[in-house]
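What follows is upload38.txt (compact mmCIF, C-alpha atoms).
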# COMPACT_ATOMS: atom_id res chain seq x y z
CA MET A 253 89.67 114.40 84.41
CA LEU A 254 92.84 116.48 84.70
CA ILE A 255 90.97 119.30 86.42
CA ALA A 256 89.34 116.81 88.85
CA PHE A 257 92.83 115.48 89.66
CA PHE A 258 94.43 118.86 90.34
CA ARG A 259 91.40 120.14 92.25
CA THR A 260 91.62 117.06 94.50
CA VAL A 261 95.35 117.65 95.10
CA ILE A 262 94.77 121.33 95.98
CA LEU A 263 91.79 120.68 98.26
CA TYR A 264 93.46 117.73 100.00
CA LEU A 265 96.63 119.68 100.81
CA LEU A 266 94.55 122.68 101.90
CA ILE A 267 92.46 120.61 104.31
CA VAL A 268 95.55 118.79 105.68
CA ILE A 269 97.17 122.17 106.40
CA GLY A 270 93.89 123.42 107.90
CA ILE A 271 93.56 120.42 110.22
CA ARG A 272 97.23 120.76 111.17
CA LEU A 273 96.72 124.43 112.08
CA MET A 274 93.62 123.58 114.12
CA GLY A 275 95.89 121.85 116.62
CA LYS A 276 96.10 118.44 118.20
CA ARG A 277 92.85 118.61 120.15
CA GLN A 278 90.76 118.44 116.99
CA VAL A 279 92.68 115.59 115.45
CA GLY A 280 91.52 112.83 117.82
CA GLU A 281 93.09 109.44 117.26
CA LEU A 282 94.05 109.90 113.61
CA GLU A 283 96.97 111.66 111.97
CA PRO A 284 95.90 114.85 110.10
CA ALA A 285 96.31 113.23 106.66
CA GLU A 286 94.27 110.17 107.71
CA LEU A 287 91.54 112.33 109.23
CA VAL A 288 91.21 114.32 105.99
CA LEU A 289 91.03 111.08 104.00
CA ALA A 290 88.27 109.76 106.27
CA MET A 291 86.38 113.06 105.98
CA LEU A 292 86.54 113.26 102.20
CA LEU A 293 86.21 109.65 101.04
CA SER A 294 82.62 109.07 102.08
CA ASP A 295 81.39 112.25 100.38
CA LEU A 296 83.34 111.55 97.23
CA ALA A 297 81.87 108.08 96.94
CA ALA A 298 78.32 109.23 97.75
CA VAL A 299 77.97 111.94 95.08
CA PRO A 300 78.43 109.84 91.88
CA MET A 301 76.54 107.02 93.61
CA GLN A 302 73.40 109.18 93.90
CA ASP A 303 73.68 111.41 90.84
CA PHE A 304 73.64 109.27 87.68
CA GLY A 305 74.46 112.35 85.57
CA ILE A 306 77.98 112.46 87.02
CA PRO A 307 80.34 109.92 85.45
CA LEU A 308 81.72 107.37 87.92
CA ILE A 309 85.22 108.42 86.89
CA TYR A 310 84.64 111.81 88.57
CA GLY A 311 84.36 109.91 91.85
CA LEU A 312 87.12 107.39 91.09
CA ILE A 313 89.84 109.90 90.14
CA PRO A 314 89.61 111.95 93.35
CA ILE A 315 89.43 108.76 95.48
CA VAL A 316 92.50 107.16 93.84
CA THR A 317 94.31 110.52 94.01
CA LEU A 318 93.54 110.86 97.72
CA LEU A 319 94.65 107.31 98.48
CA ALA A 320 97.89 107.80 96.53
CA LEU A 321 98.58 111.13 98.26
CA THR A 322 97.92 109.61 101.69
CA MET A 323 100.27 106.72 100.87
CA LEU A 324 102.89 109.20 99.70
CA LEU A 325 102.56 111.38 102.82
CA SER A 326 102.71 108.34 105.09
CA VAL A 327 105.94 107.13 103.42
CA LEU A 328 107.42 110.64 103.63
CA THR A 329 106.56 110.90 107.34
CA LEU A 330 108.32 107.57 107.90
CA LYS A 331 111.41 108.57 105.93
CA SER A 332 111.84 112.17 107.12
CA LEU A 333 111.62 113.34 110.73
CA ARG A 334 111.43 116.96 109.60
CA PHE A 335 108.47 116.20 107.32
CA ARG A 336 106.77 114.26 110.10
CA ARG A 337 107.12 117.22 112.46
CA LEU A 338 105.76 119.51 109.79
CA LEU A 339 102.74 117.31 109.07
CA CYS A 340 101.94 115.86 112.49
CA GLY A 341 103.58 118.35 114.88
CA ARG A 342 105.48 117.23 117.98
CA PRO A 343 104.29 116.08 121.40
CA SER A 344 103.71 118.93 123.87
CA ILE A 345 104.51 118.68 127.58
CA VAL A 346 101.60 120.42 129.27
CA VAL A 347 102.30 119.41 132.90
CA ARG A 348 105.75 119.07 134.45
CA GLN A 349 106.15 117.89 138.05
CA GLY A 350 102.61 118.84 139.00
CA VAL A 351 102.75 122.29 137.42
CA ILE A 352 100.73 123.27 134.34
CA LEU A 353 102.94 124.79 131.64
CA GLN A 354 100.55 127.59 130.74
CA GLN A 355 102.28 128.78 127.59
CA GLU A 356 102.41 125.28 126.14
CA LEU A 357 98.80 124.65 127.17
CA SER A 358 97.59 127.78 125.39
CA ARG A 359 99.75 126.90 122.36
CA THR A 360 97.88 123.60 122.09
CA ARG A 361 94.56 125.47 122.52
CA MET A 362 93.64 123.35 125.50
CA THR A 363 91.93 124.91 128.52
CA PRO A 364 92.85 123.94 132.12
CA GLU A 365 89.30 122.48 132.45
CA GLU A 366 89.89 120.23 129.45
CA LEU A 367 93.24 119.16 130.89
CA MET A 368 91.63 118.28 134.23
CA GLU A 369 88.86 116.41 132.41
CA GLU A 370 91.45 114.33 130.53
CA LEU A 371 93.28 113.62 133.79
CA ARG A 372 90.04 112.59 135.53
CA LEU A 373 89.30 110.22 132.64
CA GLN A 374 92.60 108.55 133.50
CA GLY A 375 91.63 108.33 137.17
CA ILE A 376 93.75 111.26 138.38
CA SER A 377 92.09 114.00 140.39
CA ASP A 378 95.14 115.64 141.95
CA LEU A 379 97.48 117.50 139.61
CA ARG A 380 100.33 117.10 142.11
CA GLN A 381 100.37 113.35 141.38
CA VAL A 382 101.40 114.04 137.78
CA ASN A 383 105.09 114.01 136.89
CA TYR A 384 104.56 114.64 133.17
CA ALA A 385 101.42 115.05 131.06
CA ILE A 386 102.15 114.99 127.35
CA LEU A 387 99.70 115.86 124.61
CA GLU A 388 100.64 113.43 121.86
CA THR A 389 100.47 114.24 118.12
CA SER A 390 97.37 112.02 117.92
CA GLY A 391 95.57 114.39 120.35
CA GLN A 392 95.64 111.91 123.25
CA LEU A 393 97.06 112.80 126.66
CA SER A 394 99.78 110.54 128.08
CA VAL A 395 100.25 110.81 131.83
CA LEU A 396 103.33 109.71 133.76
CA LEU A 397 102.66 109.66 137.49
CA ARG A 398 105.18 110.69 140.15
CA ALA A 399 106.96 107.76 141.75
CA ARG A 400 105.03 108.18 145.03
CA ALA A 401 101.66 108.14 143.20
CA GLN A 402 102.34 105.07 141.08
CA PRO A 403 100.46 101.88 142.00
CA VAL A 404 102.45 99.16 143.73
CA THR A 405 103.34 96.26 141.46
CA PRO A 406 104.24 92.67 142.47
CA ALA A 407 107.81 93.48 141.38
CA ASP A 408 107.91 96.34 143.94
CA LEU A 409 106.97 93.77 146.60
CA GLY A 410 109.62 91.34 145.34
CA GLN A 411 107.02 88.83 144.20
CA GLU A 412 106.90 86.91 140.94
CA PRO A 413 103.33 85.79 140.31
CA GLU A 414 102.65 83.13 137.70
CA GLU A 415 101.71 84.40 134.23
CA ALA A 416 98.09 83.46 133.57
CA GLY A 417 98.39 84.12 129.80
CA LEU A 418 95.58 84.57 127.33
CA PRO A 419 92.20 83.07 128.32
CA LEU A 420 90.49 81.17 125.50
CA THR A 421 86.72 80.81 125.24
CA ILE A 422 85.67 77.18 125.73
CA ILE A 423 81.88 77.64 126.03
CA ASN A 424 79.91 80.59 124.74
CA GLN A 425 76.16 80.57 125.52
CA GLY A 426 76.06 76.78 125.69
CA LEU A 427 78.15 76.25 122.53
CA VAL A 428 81.46 74.34 122.97
CA PHE A 429 84.48 75.73 121.06
CA THR A 430 86.31 72.44 120.37
CA ASP A 431 89.15 74.23 118.51
CA ASN A 432 90.02 76.26 121.61
CA LEU A 433 89.68 73.16 123.77
CA SER A 434 92.31 71.27 121.74
CA ARG A 435 94.46 74.45 121.51
CA ARG A 436 94.71 74.30 125.32
CA GLY A 437 95.58 70.56 125.12
CA LEU A 438 92.24 69.60 126.69
CA ASP A 439 89.47 67.25 125.55
CA GLN A 440 85.75 66.55 125.98
CA ARG A 441 86.42 64.22 128.92
CA TRP A 442 88.22 67.04 130.78
CA LEU A 443 85.32 69.37 129.98
CA ALA A 444 82.70 66.88 131.22
CA ARG A 445 84.69 66.40 134.45
CA GLU A 446 85.15 70.14 134.95
CA LEU A 447 81.45 70.84 134.35
CA SER A 448 80.25 68.07 136.65
CA SER A 449 82.59 69.31 139.43
CA ARG A 450 80.81 72.66 139.13
CA GLY A 451 77.36 71.09 139.23
CA PHE A 452 76.54 71.32 135.50
CA ARG A 453 75.05 68.35 133.67
CA SER A 454 75.64 69.73 130.15
CA PRO A 455 77.52 72.61 128.40
CA ARG A 456 74.07 74.01 127.51
CA GLU A 457 73.72 75.11 131.15
CA VAL A 458 76.88 77.25 130.89
CA PHE A 459 76.72 80.86 129.71
CA PHE A 460 80.46 81.51 129.38
CA MET A 461 83.61 79.55 130.18
CA THR A 462 87.29 80.35 129.61
CA VAL A 463 90.59 78.60 130.35
CA ASP A 464 93.89 80.50 130.49
CA GLU A 465 97.40 79.23 129.80
CA ALA A 466 97.92 78.37 133.50
CA GLY A 467 94.78 76.20 133.45
CA ASN A 468 92.64 78.65 135.49
CA VAL A 469 88.98 78.20 134.67
CA CYS A 470 86.37 80.96 134.69
CA CYS A 471 82.82 79.61 134.39
CA MET A 472 79.42 81.33 134.55
CA ALA A 473 76.05 79.57 134.63
CA LYS A 474 73.18 80.62 132.37
CA GLU A 475 70.54 82.67 134.15
CA GLU A 476 67.17 80.98 134.74
CA GLY A 477 64.84 81.15 131.74
CA LYS A 478 67.56 82.20 129.23
CA MET B 262 111.18 102.16 97.93
CA ARG B 263 108.24 100.19 96.49
CA ARG B 264 105.90 101.97 98.89
CA ILE B 265 106.80 105.32 97.38
CA VAL B 266 106.80 104.06 93.78
CA ILE B 267 103.18 102.81 93.85
CA PRO B 268 101.56 106.15 94.81
CA LEU B 269 103.87 108.04 92.44
CA LEU B 270 102.93 105.67 89.61
CA LEU B 271 99.23 106.12 90.41
CA LEU B 272 99.50 109.91 90.44
CA THR B 273 101.56 109.97 87.24
CA GLY B 274 99.10 107.53 85.61
CA ILE B 275 96.14 109.77 86.43
CA CYS B 276 98.00 112.82 85.09
CA LEU B 277 98.87 111.02 81.85
CA ALA B 278 95.34 109.64 81.43
CA GLY B 279 93.95 113.15 82.02
CA SER B 280 96.32 114.65 79.43
CA TRP B 281 95.47 111.93 76.91
CA ASN B 282 91.76 112.51 77.51
CA LEU B 283 92.19 116.24 76.91
CA THR B 284 94.09 115.59 73.66
CA PHE B 285 91.44 113.11 72.52
CA LEU B 286 88.55 115.47 73.29
CA ARG B 287 90.28 118.39 71.55
CA GLY B 288 90.94 116.29 68.43
CA HIS B 289 87.40 114.88 68.39
CA VAL B 290 85.78 118.29 68.83
CA ARG B 291 87.98 119.83 66.13
CA SER B 292 86.93 117.13 63.64
CA LEU B 293 83.26 117.72 64.49
CA SER B 294 83.62 121.49 64.33
CA ALA B 295 85.34 121.31 60.92
CA LEU B 296 82.42 119.29 59.49
CA LEU B 297 79.81 121.60 61.04
CA GLU B 298 81.61 124.73 59.74
CA GLN B 299 81.75 123.21 56.23
CA ALA B 300 78.03 122.44 56.52
CA GLU B 301 77.35 126.05 57.51
CA ALA B 302 79.30 127.30 54.47
CA ALA B 303 77.30 124.95 52.24
CA ALA B 304 74.03 126.17 53.75
CA GLY B 305 75.16 129.77 53.16
CA ALA B 306 75.58 128.83 49.47
CA GLU B 307 72.03 127.36 49.50
CA ASP B 308 73.50 123.84 49.08
CA TRP B 309 71.17 122.27 51.66
CA PRO B 310 71.73 118.60 50.66
CA ARG B 311 75.49 118.98 51.23
CA ALA B 312 74.89 120.81 54.53
CA GLU B 313 72.62 117.96 55.67
CA ALA B 314 75.14 115.27 54.60
CA LEU B 315 78.01 117.01 56.43
CA THR B 316 75.96 117.53 59.60
CA GLN B 317 74.83 113.89 59.55
CA GLN B 318 78.46 112.85 59.11
CA ALA B 319 79.35 114.95 62.17
CA GLN B 320 76.46 113.38 64.12
CA GLN B 321 77.64 109.86 63.19
CA LEU B 322 81.17 110.73 64.27
CA TRP B 323 79.77 112.08 67.57
CA GLN B 324 77.73 108.90 68.06
CA ALA B 325 80.71 106.66 67.23
CA LYS B 326 82.66 107.95 70.27
CA ARG B 327 79.63 108.40 72.50
CA SER B 328 80.44 105.43 74.78
CA TYR B 329 83.82 106.88 75.71
CA ILE B 330 82.41 110.39 76.02
CA CYS B 331 79.72 109.11 78.41
CA ILE B 332 82.50 107.78 80.67
CA VAL B 333 84.42 111.04 80.89
CA LEU B 334 81.82 113.81 80.55
CA HIS B 335 78.73 114.85 82.47
CA GLN B 336 75.49 113.38 81.15
CA ASP B 337 73.78 116.79 80.83
CA GLN B 338 76.57 118.12 78.55
CA ILE B 339 76.16 115.09 76.27
CA GLU B 340 72.38 115.36 76.21
CA GLU B 341 72.58 119.08 75.33
CA ALA B 342 74.88 118.31 72.38
CA ASP B 343 72.57 115.45 71.26
CA ALA B 344 69.55 117.79 71.32
CA SER B 345 71.48 120.49 69.41
CA PHE B 346 72.43 118.01 66.66
CA HIS B 347 68.74 117.17 66.23
CA SER B 348 67.64 120.79 66.08
CA VAL B 349 70.42 121.71 63.60
CA LEU B 350 69.32 118.86 61.32
CA ALA B 351 65.67 119.92 61.63
CA PHE B 352 66.48 123.52 60.59
CA ILE B 353 68.48 122.20 57.61
CA ARG B 354 65.47 120.14 56.48
CA TRP B 355 63.21 123.20 56.78
CA GLN B 356 65.92 125.26 55.03
CA GLU B 357 65.62 128.05 57.64
CA LEU B 358 68.98 129.79 57.35
CA PRO B 359 68.85 132.24 60.33
CA GLU B 360 67.57 129.58 62.77
CA TYR B 361 70.01 127.02 61.39
CA THR B 362 72.97 129.42 61.74
CA SER B 363 72.06 130.25 65.34
CA SER B 364 71.47 126.59 66.24
CA ASN B 365 74.74 125.51 64.60
CA ALA B 366 76.64 128.25 66.48
CA LEU B 367 75.13 126.96 69.75
CA LEU B 368 76.19 123.38 68.91
CA LEU B 369 79.73 124.52 68.04
CA ALA B 370 79.93 126.40 71.35
CA GLN B 371 78.65 123.36 73.27
CA LEU B 372 81.22 121.10 71.62
CA GLU B 373 84.02 123.61 72.25
CA HIS B 374 82.98 123.74 75.92
CA LEU B 375 83.39 119.95 76.22
CA TRP B 376 87.16 120.09 75.95
CA ALA B 377 87.67 123.69 77.09
CA ALA B 378 86.30 122.69 80.52
CA GLU B 379 89.11 120.12 80.76
CA LEU B 380 91.90 122.61 79.92
CA PHE B 381 94.46 123.12 82.67
CA THR B 382 93.80 126.82 83.30
CA ALA B 383 93.40 128.89 86.48
CA GLU B 384 89.82 129.64 85.40
CA ASN B 385 88.92 125.94 85.33
CA LEU B 386 90.97 125.05 88.37
CA PHE B 387 89.44 127.63 90.70

Output the structure of this file as structure tokens.
Amino acid sequence: MLIAFFRTVILYLLIVIGIRLMGKRQVGELEPAELVLAMLLSDLAAVPMQDFGIPLIYGLIPIVTLLALTMLLSVLTLKSLRFRRLLCGRPSIVVRQGVILQQELSRTRMTPEELMEELRLQGISDLRQVNYAILETSGQLSVLLRARAQPVTPADLGQEPEEAGLPLTIINQGLVFTDNLSRRGLDQRWLARELSSRGFRSPREVFFMTVDEAGNVCCMAKEEGK
Amino acid sequence: MRRIVIPLLLLTGICLAGSWNLTFLRGHVRSLSALLEQAEAAAGAEDWPRAEALTQQAQQLWQAKRSYICIVLHQDQIEEADASFHSVLAFIRWQELPEYTSSNALLLAQLEHLWAAELFTAENLF
């Protein structure tokens, strides 16, 4: 039991350090400690599940130890900025005003092709459009466009469009969601009127229908034969 | 503060439970070993009935804590010790001193290994 506990502590810390040293690109969306937990938990649970010769406690102790260590590390990263930097690293600026910062890029072990691929995924093909590209500690690339490359917003045009708010599903594949209907302050009579104005005789003919906070209706008919 | 106390309590709890388990196993194995060593001395003095009684007493003691031992030790270690108890008792009944001595030594080593494997040493850790 005691040996299982200390072995878990040693291996967990070793893998966290290993993942941290591998750099941000390998981490993905998780923090290093969370990634290690995800990697180890499934295996730990599977071994005593399959091998009846191993006591269940040999699976439970490492799992509880890992969960406690992850909780501890997450509290420490919240409390101490220095510890957070040590465990998770810090964001790296890889592009500044359209220029790739080569030293920083190589420090993060990211190739220019990978950087361009990430930018293309965000709909940017021209590096000159980028004001800052920052590789976050989670491994994701945040891109801040130059002012001239940013899309025009209604505020730029001095307009104040009405907020449509969250659309709620009223009909899903012919089934009426009465809860959502009353949440929007509407009733069956309104629904019948709305459907008849769109040429439907029954909700069963509707594939999908939503109503947003401004009362805008989106309605799609079921395809023939469905 | 509570968020840091819960994981610390869990980790401390596991450490304490592990230490208690080690102490329990050591104590249990020492009691068994003492009985088996007395049985070996009795067998050496050709007192086979006493050797058999002491070994049976050790086997009963082993069986009495078997449920707990099954929770904390590997099944194959327990089965090996079970089999050794049976063979030691068989050699006592046949009054075969050399075979009994060797079988009893194997059982003592197996029992010693049960708690020695739990000791907090570099050898066990790595």

Just need the residues of chain A within 9 Å of chain B, counting only C-alpha atoms, so spit them out as a ChimeraX atom specification.
-> /A:253-259,304-310,313,316-317,319-324,327-328

To one decimal in Å, tell me the separation between atom CA of Glu370 of chain A and atom CA of Tyr384 of chain A.
-> 13.4 Å

Judged by only C-alpha atoms, the minimum distance to Arg435 of chain A among A:Ile422, A:Leu289, A:Ile269, A:Met368 is found for A:Ile422

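Picture a line from atom CA of Leu375 of chain B to atom CA of Leu358 of chain B; it runs 25.7 Å.
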
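Between atom CA of Arg445 of chain A and atom CA of Val428 of chain A the separation is 14.3 Å.
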
Which is closer to His289 of chain B than all the others in B:Asn365, B:Ser345, B:Gln324, B:Gln356, using all atoms listed in the file?
-> B:Gln324

What lies within 10 Å of segment 300-313 of chain B using all atoms listed in the file, ignoring chain neighbours under 6 positions off, as a PyMOL selection string?
-> chain B and resi 294+319+349-359+361-362+365-366

Quick one: residues within 10 Å of Gly426 of chain A, only C-alpha atoms counted, chain neighbours fewer than 3 positions away excluded, as a PyMOL selection string?
-> chain A and resi 422-423+429+454-461+473-474

Just write the chosen residues, C-alpha atoms, as a PDB file, in the frame of the given file.
ATOM      1  CA  ILE A 422      85.670  77.180 125.730  1.00  0.00           C
ATOM      2  CA  ILE A 423      81.880  77.640 126.030  1.00  0.00           C
ATOM      3  CA  PHE A 429      84.480  75.730 121.060  1.00  0.00           C
ATOM      4  CA  SER A 454      75.640  69.730 130.150  1.00  0.00           C
ATOM      5  CA  PRO A 455      77.520  72.610 128.400  1.00  0.00           C
ATOM      6  CA  ARG A 456      74.070  74.010 127.510  1.00  0.00           C
ATOM      7  CA  GLU A 457      73.720  75.110 131.150  1.00  0.00           C
ATOM      8  CA  VAL A 458      76.880  77.250 130.890  1.00  0.00           C
ATOM      9  CA  PHE A 459      76.720  80.860 129.710  1.00  0.00           C
ATOM     10  CA  PHE A 460      80.460  81.510 129.380  1.00  0.00           C
ATOM     11  CA  MET A 461      83.610  79.550 130.180  1.00  0.00           C
ATOM     12  CA  ALA A 473      76.050  79.570 134.630  1.00  0.00           C
ATOM     13  CA  LYS A 474      73.180  80.620 132.370  1.00  0.00           C
TER      14      LYS A 474
END

Your completed segment 319-331 of chain B with N, CA and C atoms, as a tab-separated table (two decimals), keeping the file's coordinate frame:
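The file below, part.tsv, is the result:
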chain	number	residue	atom	x	y	z
B	319	ALA	N	78.87	114.49	60.86
B	319	ALA	CA	79.35	114.95	62.17
B	319	ALA	C	78.60	114.23	63.29
B	320	GLN	N	77.28	114.06	63.11
B	320	GLN	CA	76.46	113.38	64.12
B	320	GLN	C	76.89	111.92	64.29
B	321	GLN	N	77.19	111.28	63.14
B	321	GLN	CA	77.64	109.86	63.19
B	321	GLN	C	78.99	109.74	63.92
B	322	LEU	N	79.85	110.72	63.61
B	322	LEU	CA	81.17	110.73	64.27
B	322	LEU	C	81.01	110.93	65.78
B	323	TRP	N	80.09	111.82	66.16
B	323	TRP	CA	79.77	112.08	67.57
B	323	TRP	C	79.24	110.81	68.23
B	324	GLN	N	78.33	110.13	67.52
B	324	GLN	CA	77.73	108.90	68.06
B	324	GLN	C	78.76	107.77	68.20
B	325	ALA	N	79.72	107.75	67.24
B	325	ALA	CA	80.71	106.66	67.23
B	325	ALA	C	81.56	106.66	68.51
B	326	LYS	N	81.82	107.85	69.05
B	326	LYS	CA	82.66	107.95	70.27
B	326	LYS	C	81.83	108.20	71.53
B	327	ARG	N	80.53	108.04	71.40
B	327	ARG	CA	79.63	108.40	72.50
B	327	ARG	C	79.90	107.58	73.78
B	328	SER	N	80.21	106.29	73.60
B	328	SER	CA	80.44	105.43	74.78
B	328	SER	C	81.58	105.98	75.63
B	329	TYR	N	82.69	106.35	74.96
B	329	TYR	CA	83.82	106.88	75.71
B	329	TYR	C	83.47	108.23	76.34
B	330	ILE	N	82.77	109.05	75.54
B	330	ILE	CA	82.41	110.39	76.02
B	330	ILE	C	81.50	110.31	77.25
B	331	CYS	N	80.62	109.29	77.26
B	331	CYS	CA	79.72	109.11	78.41
B	331	CYS	C	80.51	108.76	79.68
